[in-house]
Amino acid sequence: MEKHAATRHIAIIDACTLSVLGLQQLLTHTLGSQYQIHAFKNSAEFLAKFHCWPCFAVIYAISCVRGSRKESSYLLKSIARLSPQARRIVISDDCREAGLIRGLSPVSLHGILCKSAAISELAEQLQTLLQVLPSPQENIINGSCRGGTPGLSPTERVILYYMAEGLSIPEIAAHLARNTKTIRAHKFNAMTKLGVSSDTDLLCAADMLHYSPIRGNLYPSSPLKVN
């Protein structure tokens, strides 16, 4: 009974079987027997088992595609609501993706790591994140990924949110009572900050904003004028 109570359950959510095996081996080697690791291919599998054991940490592997970003946004916000004490860690494909996650995640994270980092660096960061409780506001990023993405302004975030909802630039301008040149300027500034060069990449990044609060409220569906 005492052993069970002391067990720390860690969930790995990753669609790639080889990646999961690598993470499991890394965690097993880095951490002690106190930790029990559970692997899931997607959010649905994880949420179906979420209440079977107390979740100590969730490690979500996100890929650079719209579906993965949308799923991660929904799941991270759900975890923050259902199990706020659980440590939320994201592992991205590369440092550019890590920067986007840092700037656009709907909730604060305890760590943002990169698969492209050296194994020794990943092991050290995971050990720190799982054995020492960092502040989630720190959004720890490993190695060369430190620094992250410059923050978007409230207007830029609203514009990207509406773009992800399918509104055109003229429609967004009408929605926000601005002219189209101003909206395009904000869009260009957001692309520069996020390091993307096409509308497709911008929309992929903007998907995460669907679950993000702004000024304490959800993004509105009615016209809003933002200063």
# chains A, B, ... in the order shown; residues from 1 in each chain; ligands from 1
>>> residues_around(residues="A:Asp94", least_positions_apart="6", cutoff="7 Å", atoms="only C-alpha atoms", output="mmCIF file with C-alpha atoms, in the first residue's frame")
data_model
loop_
_atom_site.group_PDB
_atom_site.id
_atom_site.type_symbol
_atom_site.label_atom_id
_atom_site.label_comp_id
_atom_site.auth_asym_id
_atom_site.auth_seq_id
_atom_site.Cartn_x
_atom_site.Cartn_y
_atom_site.Cartn_z
ATOM 1 C CA CYS A 114 13.199 19.383 -28.244
ATOM 2 C CA LYS A 115 13.708 15.912 -29.673
ATOM 3 C CA SER A 116 16.637 17.309 -31.628
#
>>> select_by_dssp(residues="stretch 6-226 of chain A", states="strand (DSSP E)", output="VMD selection string")
chain A and resid 8 to 13 35 to 40 55 to 62 87 to 92 111 to 114 140 to 141
>>> residues_around(residues="A:Ile37", least_positions_apart="2", cutoff="8 Å", atoms="only C-alpha atoms", output="PyMOL selection string")
chain A and resi 9-12+24+35+39
>>> write_last_selection(atoms="all heavy atoms", output="mmCIF file, in the first residue's frame")
data_model
loop_
_atom_site.group_PDB
_atom_site.id
_atom_site.type_symbol
_atom_site.label_atom_id
_atom_site.label_comp_id
_atom_site.auth_asym_id
_atom_site.auth_seq_id
_atom_site.Cartn_x
_atom_site.Cartn_y
_atom_site.Cartn_z
ATOM 1 N N HIS A 9 3.038 8.459 -11.317
ATOM 2 C CA HIS A 9 2.625 8.011 -12.643
ATOM 3 C C HIS A 9 2.910 9.087 -13.689
ATOM 4 O O HIS A 9 2.491 10.241 -13.543
ATOM 5 C CB HIS A 9 1.142 7.661 -12.632
ATOM 6 C CG HIS A 9 0.808 6.505 -11.739
ATOM 7 N ND1 HIS A 9 0.785 5.207 -12.177
ATOM 8 C CD2 HIS A 9 0.501 6.464 -10.406
ATOM 9 C CE1 HIS A 9 0.478 4.400 -11.170
ATOM 10 N NE2 HIS A 9 0.291 5.143 -10.082
ATOM 11 N N ILE A 10 3.614 8.690 -14.728
ATOM 12 C CA ILE A 10 3.965 9.606 -15.812
ATOM 13 C C ILE A 10 3.332 9.105 -17.100
ATOM 14 O O ILE A 10 3.513 7.945 -17.478
ATOM 15 C CB ILE A 10 5.486 9.712 -15.993
ATOM 16 C CG1 ILE A 10 6.132 10.244 -14.720
ATOM 17 C CG2 ILE A 10 5.821 10.612 -17.175
ATOM 18 C CD1 ILE A 10 7.651 10.242 -14.775
ATOM 19 N N ALA A 11 2.586 9.972 -17.782
ATOM 20 C CA ALA A 11 1.968 9.616 -19.055
ATOM 21 C C ALA A 11 2.784 10.200 -20.205
ATOM 22 O O ALA A 11 3.139 11.377 -20.184
ATOM 23 C CB ALA A 11 0.535 10.143 -19.115
ATOM 24 N N ILE A 12 3.083 9.352 -21.192
ATOM 25 C CA ILE A 12 3.725 9.807 -22.426
ATOM 26 C C ILE A 12 2.692 9.706 -23.544
ATOM 27 O O ILE A 12 2.108 8.639 -23.763
ATOM 28 C CB ILE A 12 4.946 8.943 -22.782
ATOM 29 C CG1 ILE A 12 6.017 9.043 -21.694
ATOM 30 C CG2 ILE A 12 5.526 9.369 -24.134
ATOM 31 C CD1 ILE A 12 7.199 8.117 -21.943
ATOM 32 N N GLN A 24 10.750 6.094 -22.991
ATOM 33 C CA GLN A 24 10.608 5.158 -21.880
ATOM 34 C C GLN A 24 11.971 4.707 -21.374
ATOM 35 O O GLN A 24 12.217 4.654 -20.167
ATOM 36 C CB GLN A 24 9.771 3.958 -22.315
ATOM 37 C CG GLN A 24 8.285 4.249 -22.429
ATOM 38 C CD GLN A 24 7.497 3.037 -22.889
ATOM 39 O OE1 GLN A 24 7.944 2.307 -23.781
ATOM 40 N NE2 GLN A 24 6.345 2.806 -22.307
ATOM 41 N N TYR A 35 8.870 5.710 -10.247
ATOM 42 C CA TYR A 35 8.056 6.225 -11.338
ATOM 43 C C TYR A 35 7.505 5.086 -12.194
ATOM 44 O O TYR A 35 8.231 4.164 -12.567
ATOM 45 C CB TYR A 35 8.888 7.160 -12.217
ATOM 46 C CG TYR A 35 9.347 8.408 -11.502
ATOM 47 C CD1 TYR A 35 10.497 8.399 -10.721
ATOM 48 C CD2 TYR A 35 8.637 9.606 -11.612
ATOM 49 C CE1 TYR A 35 10.926 9.532 -10.055
ATOM 50 C CE2 TYR A 35 9.066 10.744 -10.956
ATOM 51 C CZ TYR A 35 10.208 10.709 -10.174
ATOM 52 O OH TYR A 35 10.635 11.832 -9.519
ATOM 53 N N ALA A 39 2.182 4.721 -21.649
ATOM 54 C CA ALA A 39 2.301 5.259 -23.015
ATOM 55 C C ALA A 39 0.944 5.266 -23.709
ATOM 56 O O ALA A 39 0.174 4.305 -23.615
ATOM 57 C CB ALA A 39 3.301 4.440 -23.816
#
>>> residues_around(residues="stretch 165-169 of chain A", least_positions_apart="3", cutoff="8 Å", atoms="only C-alpha atoms", output="PyMOL selection string")
chain A and resi 161-162+172-173+180+183-184
>>> residues_around(residues="A:Leu194", least_positions_apart="6", cutoff="10 Å", atoms="only C-alpha atoms", output="ChimeraX atom specification")
/A:96-97,99-101,103-104,148-152,188,201-202,205-206
>>> write_last_selection(atoms="N, CA, C and O atoms", output="PDB file, in the first residue's frame")
ATOM      1  N   ARG A  96      12.306  25.495 -33.425  1.00  0.00           N
ATOM      2  CA  ARG A  96      11.350  26.477 -33.960  1.00  0.00           C
ATOM      3  C   ARG A  96       9.950  26.173 -33.431  1.00  0.00           C
ATOM      4  O   ARG A  96       9.219  27.070 -33.010  1.00  0.00           O
ATOM      5  N   GLU A  97       9.588  24.897 -33.443  1.00  0.00           N
ATOM      6  CA  GLU A  97       8.295  24.501 -32.922  1.00  0.00           C
ATOM      7  C   GLU A  97       8.199  24.791 -31.426  1.00  0.00           C
ATOM      8  O   GLU A  97       7.167  25.214 -30.924  1.00  0.00           O
ATOM      9  N   GLY A  99       9.588  27.204 -29.856  1.00  0.00           N
ATOM     10  CA  GLY A  99       9.343  28.635 -29.705  1.00  0.00           C
ATOM     11  C   GLY A  99       7.887  28.988 -29.920  1.00  0.00           C
ATOM     12  O   GLY A  99       7.316  29.818 -29.203  1.00  0.00           O
ATOM     13  N   LEU A 100       7.251  28.351 -30.909  1.00  0.00           N
ATOM     14  CA  LEU A 100       5.830  28.598 -31.164  1.00  0.00           C
ATOM     15  C   LEU A 100       4.983  28.152 -29.976  1.00  0.00           C
ATOM     16  O   LEU A 100       4.056  28.846 -29.558  1.00  0.00           O
ATOM     17  N   ILE A 101       5.322  26.997 -29.439  1.00  0.00           N
ATOM     18  CA  ILE A 101       4.563  26.485 -28.293  1.00  0.00           C
ATOM     19  C   ILE A 101       4.698  27.420 -27.104  1.00  0.00           C
ATOM     20  O   ILE A 101       3.728  27.716 -26.402  1.00  0.00           O
ATOM     21  N   GLY A 103       5.173  30.597 -27.124  1.00  0.00           N
ATOM     22  CA  GLY A 103       4.439  31.835 -27.332  1.00  0.00           C
ATOM     23  C   GLY A 103       2.940  31.667 -27.409  1.00  0.00           C
ATOM     24  O   GLY A 103       2.205  32.608 -27.129  1.00  0.00           O
ATOM     25  N   LEU A 104       2.460  30.454 -27.774  1.00  0.00           N
ATOM     26  CA  LEU A 104       1.040  30.296 -28.061  1.00  0.00           C
ATOM     27  C   LEU A 104       0.317  29.274 -27.196  1.00  0.00           C
ATOM     28  O   LEU A 104      -0.889  29.096 -27.347  1.00  0.00           O
ATOM     29  N   GLY A 148      12.736  31.635 -26.711  1.00  0.00           N
ATOM     30  CA  GLY A 148      11.370  31.473 -27.178  1.00  0.00           C
ATOM     31  C   GLY A 148      10.915  32.497 -28.193  1.00  0.00           C
ATOM     32  O   GLY A 148      11.693  33.163 -28.854  1.00  0.00           O
ATOM     33  N   THR A 149       9.611  32.604 -28.324  1.00  0.00           N
ATOM     34  CA  THR A 149       8.983  33.481 -29.291  1.00  0.00           C
ATOM     35  C   THR A 149       8.574  34.787 -28.645  1.00  0.00           C
ATOM     36  O   THR A 149       8.003  34.782 -27.563  1.00  0.00           O
ATOM     37  N   PRO A 150       8.870  35.943 -29.293  1.00  0.00           N
ATOM     38  CA  PRO A 150       8.413  37.223 -28.740  1.00  0.00           C
ATOM     39  C   PRO A 150       6.907  37.207 -28.556  1.00  0.00           C
ATOM     40  O   PRO A 150       6.177  36.618 -29.354  1.00  0.00           O
ATOM     41  N   GLY A 151       6.426  37.831 -27.508  1.00  0.00           N
ATOM     42  CA  GLY A 151       5.006  37.807 -27.228  1.00  0.00           C
ATOM     43  C   GLY A 151       4.188  38.550 -28.268  1.00  0.00           C
ATOM     44  O   GLY A 151       4.577  39.607 -28.764  1.00  0.00           O
ATOM     45  N   LEU A 152       3.033  37.975 -28.603  1.00  0.00           N
ATOM     46  CA  LEU A 152       2.113  38.622 -29.526  1.00  0.00           C
ATOM     47  C   LEU A 152       1.287  39.650 -28.753  1.00  0.00           C
ATOM     48  O   LEU A 152       0.958  39.452 -27.588  1.00  0.00           O
ATOM     49  N   PHE A 188       1.360  40.685 -40.530  1.00  0.00           N
ATOM     50  CA  PHE A 188       2.786  40.620 -40.892  1.00  0.00           C
ATOM     51  C   PHE A 188       3.659  40.633 -39.645  1.00  0.00           C
ATOM     52  O   PHE A 188       4.638  39.879 -39.555  1.00  0.00           O
ATOM     53  N   ASP A 201       1.568  28.167 -42.606  1.00  0.00           N
ATOM     54  CA  ASP A 201       2.331  28.043 -41.362  1.00  0.00           C
ATOM     55  C   ASP A 201       1.719  28.901 -40.259  1.00  0.00           C
ATOM     56  O   ASP A 201       1.698  28.509 -39.089  1.00  0.00           O
ATOM     57  N   LEU A 202       1.224  30.079 -40.646  1.00  0.00           N
ATOM     58  CA  LEU A 202       0.625  30.974 -39.657  1.00  0.00           C
ATOM     59  C   LEU A 202      -0.643  30.350 -39.076  1.00  0.00           C
ATOM     60  O   LEU A 202      -0.890  30.413 -37.868  1.00  0.00           O
ATOM     61  N   ALA A 205       0.177  27.632 -36.593  1.00  0.00           N
ATOM     62  CA  ALA A 205       0.548  28.191 -35.293  1.00  0.00           C
ATOM     63  C   ALA A 205      -0.681  28.750 -34.574  1.00  0.00           C
ATOM     64  O   ALA A 205      -0.843  28.591 -33.364  1.00  0.00           O
ATOM     65  N   ALA A 206      -1.568  29.381 -35.335  1.00  0.00           N
ATOM     66  CA  ALA A 206      -2.726  30.059 -34.739  1.00  0.00           C
ATOM     67  C   ALA A 206      -3.743  29.092 -34.148  1.00  0.00           C
ATOM     68  O   ALA A 206      -4.556  29.487 -33.312  1.00  0.00           O
TER      69      ALA A 206
END
>>> closest_residue(among="A:Thr192, A:Ala44, A:Arg102, A:Glu124", to="A:Thr30", atoms="only C-alpha atoms")
A:Glu124
>>> residues_around(residues="A:Ser153", least_positions_apart="4", cutoff="10 Å", atoms="only C-alpha atoms", output="PyMOL selection string")
chain A and resi 157-159+186+189-190+227
>>> write_last_selection(atoms="N, CA, C and O atoms", output="PDB file, in the first residue's frame")
ATOM      1  N   ARG A 157      -3.086  38.506 -31.442  1.00  0.00           N
ATOM      2  CA  ARG A 157      -3.648  37.218 -31.018  1.00  0.00           C
ATOM      3  C   ARG A 157      -5.103  37.083 -31.475  1.00  0.00           C
ATOM      4  O   ARG A 157      -5.531  36.012 -31.918  1.00  0.00           O
ATOM      5  N   VAL A 158      -5.875  38.156 -31.367  1.00  0.00           N
ATOM      6  CA  VAL A 158      -7.270  38.111 -31.809  1.00  0.00           C
ATOM      7  C   VAL A 158      -7.348  37.892 -33.320  1.00  0.00           C
ATOM      8  O   VAL A 158      -8.162  37.103 -33.804  1.00  0.00           O
ATOM      9  N   ILE A 159      -6.491  38.573 -34.065  1.00  0.00           N
ATOM     10  CA  ILE A 159      -6.493  38.425 -35.523  1.00  0.00           C
ATOM     11  C   ILE A 159      -6.158  36.991 -35.925  1.00  0.00           C
ATOM     12  O   ILE A 159      -6.815  36.387 -36.787  1.00  0.00           O
ATOM     13  N   HIS A 186      -0.748  44.006 -38.795  1.00  0.00           N
ATOM     14  CA  HIS A 186      -0.692  43.181 -37.586  1.00  0.00           C
ATOM     15  C   HIS A 186      -0.359  41.728 -37.940  1.00  0.00           C
ATOM     16  O   HIS A 186       0.409  41.066 -37.238  1.00  0.00           O
ATOM     17  N   ASN A 189       3.314  41.483 -38.679  1.00  0.00           N
ATOM     18  CA  ASN A 189       4.080  41.536 -37.429  1.00  0.00           C
ATOM     19  C   ASN A 189       4.031  40.200 -36.695  1.00  0.00           C
ATOM     20  O   ASN A 189       5.039  39.742 -36.138  1.00  0.00           O
ATOM     21  N   ALA A 190       2.857  39.559 -36.698  1.00  0.00           N
ATOM     22  CA  ALA A 190       2.714  38.259 -36.034  1.00  0.00           C
ATOM     23  C   ALA A 190       3.559  37.202 -36.739  1.00  0.00           C
ATOM     24  O   ALA A 190       4.205  36.380 -36.090  1.00  0.00           O
ATOM     25  N   ASN A 227      -7.605  47.737 -28.536  1.00  0.00           N
ATOM     26  CA  ASN A 227      -6.659  48.855 -28.643  1.00  0.00           C
ATOM     27  C   ASN A 227      -5.254  48.361 -28.916  1.00  0.00           C
ATOM     28  O   ASN A 227      -4.891  47.297 -28.492  1.00  0.00           O
TER      29      ASN A 227
END
>>> select_by_dssp(residues="stretch 26-217 of chain A", states="helix (DSSP H, G or I)", output="ChimeraX atom specification")
/A:26-30,43-52,66-82,95-104,119-131,136-138,143-145,154-164,169-176,180-194,199-211
>>> atom_distance(atom1="atom CA of A:Ala117", atom2="atom CA of A:Asp207")
25.5 Å
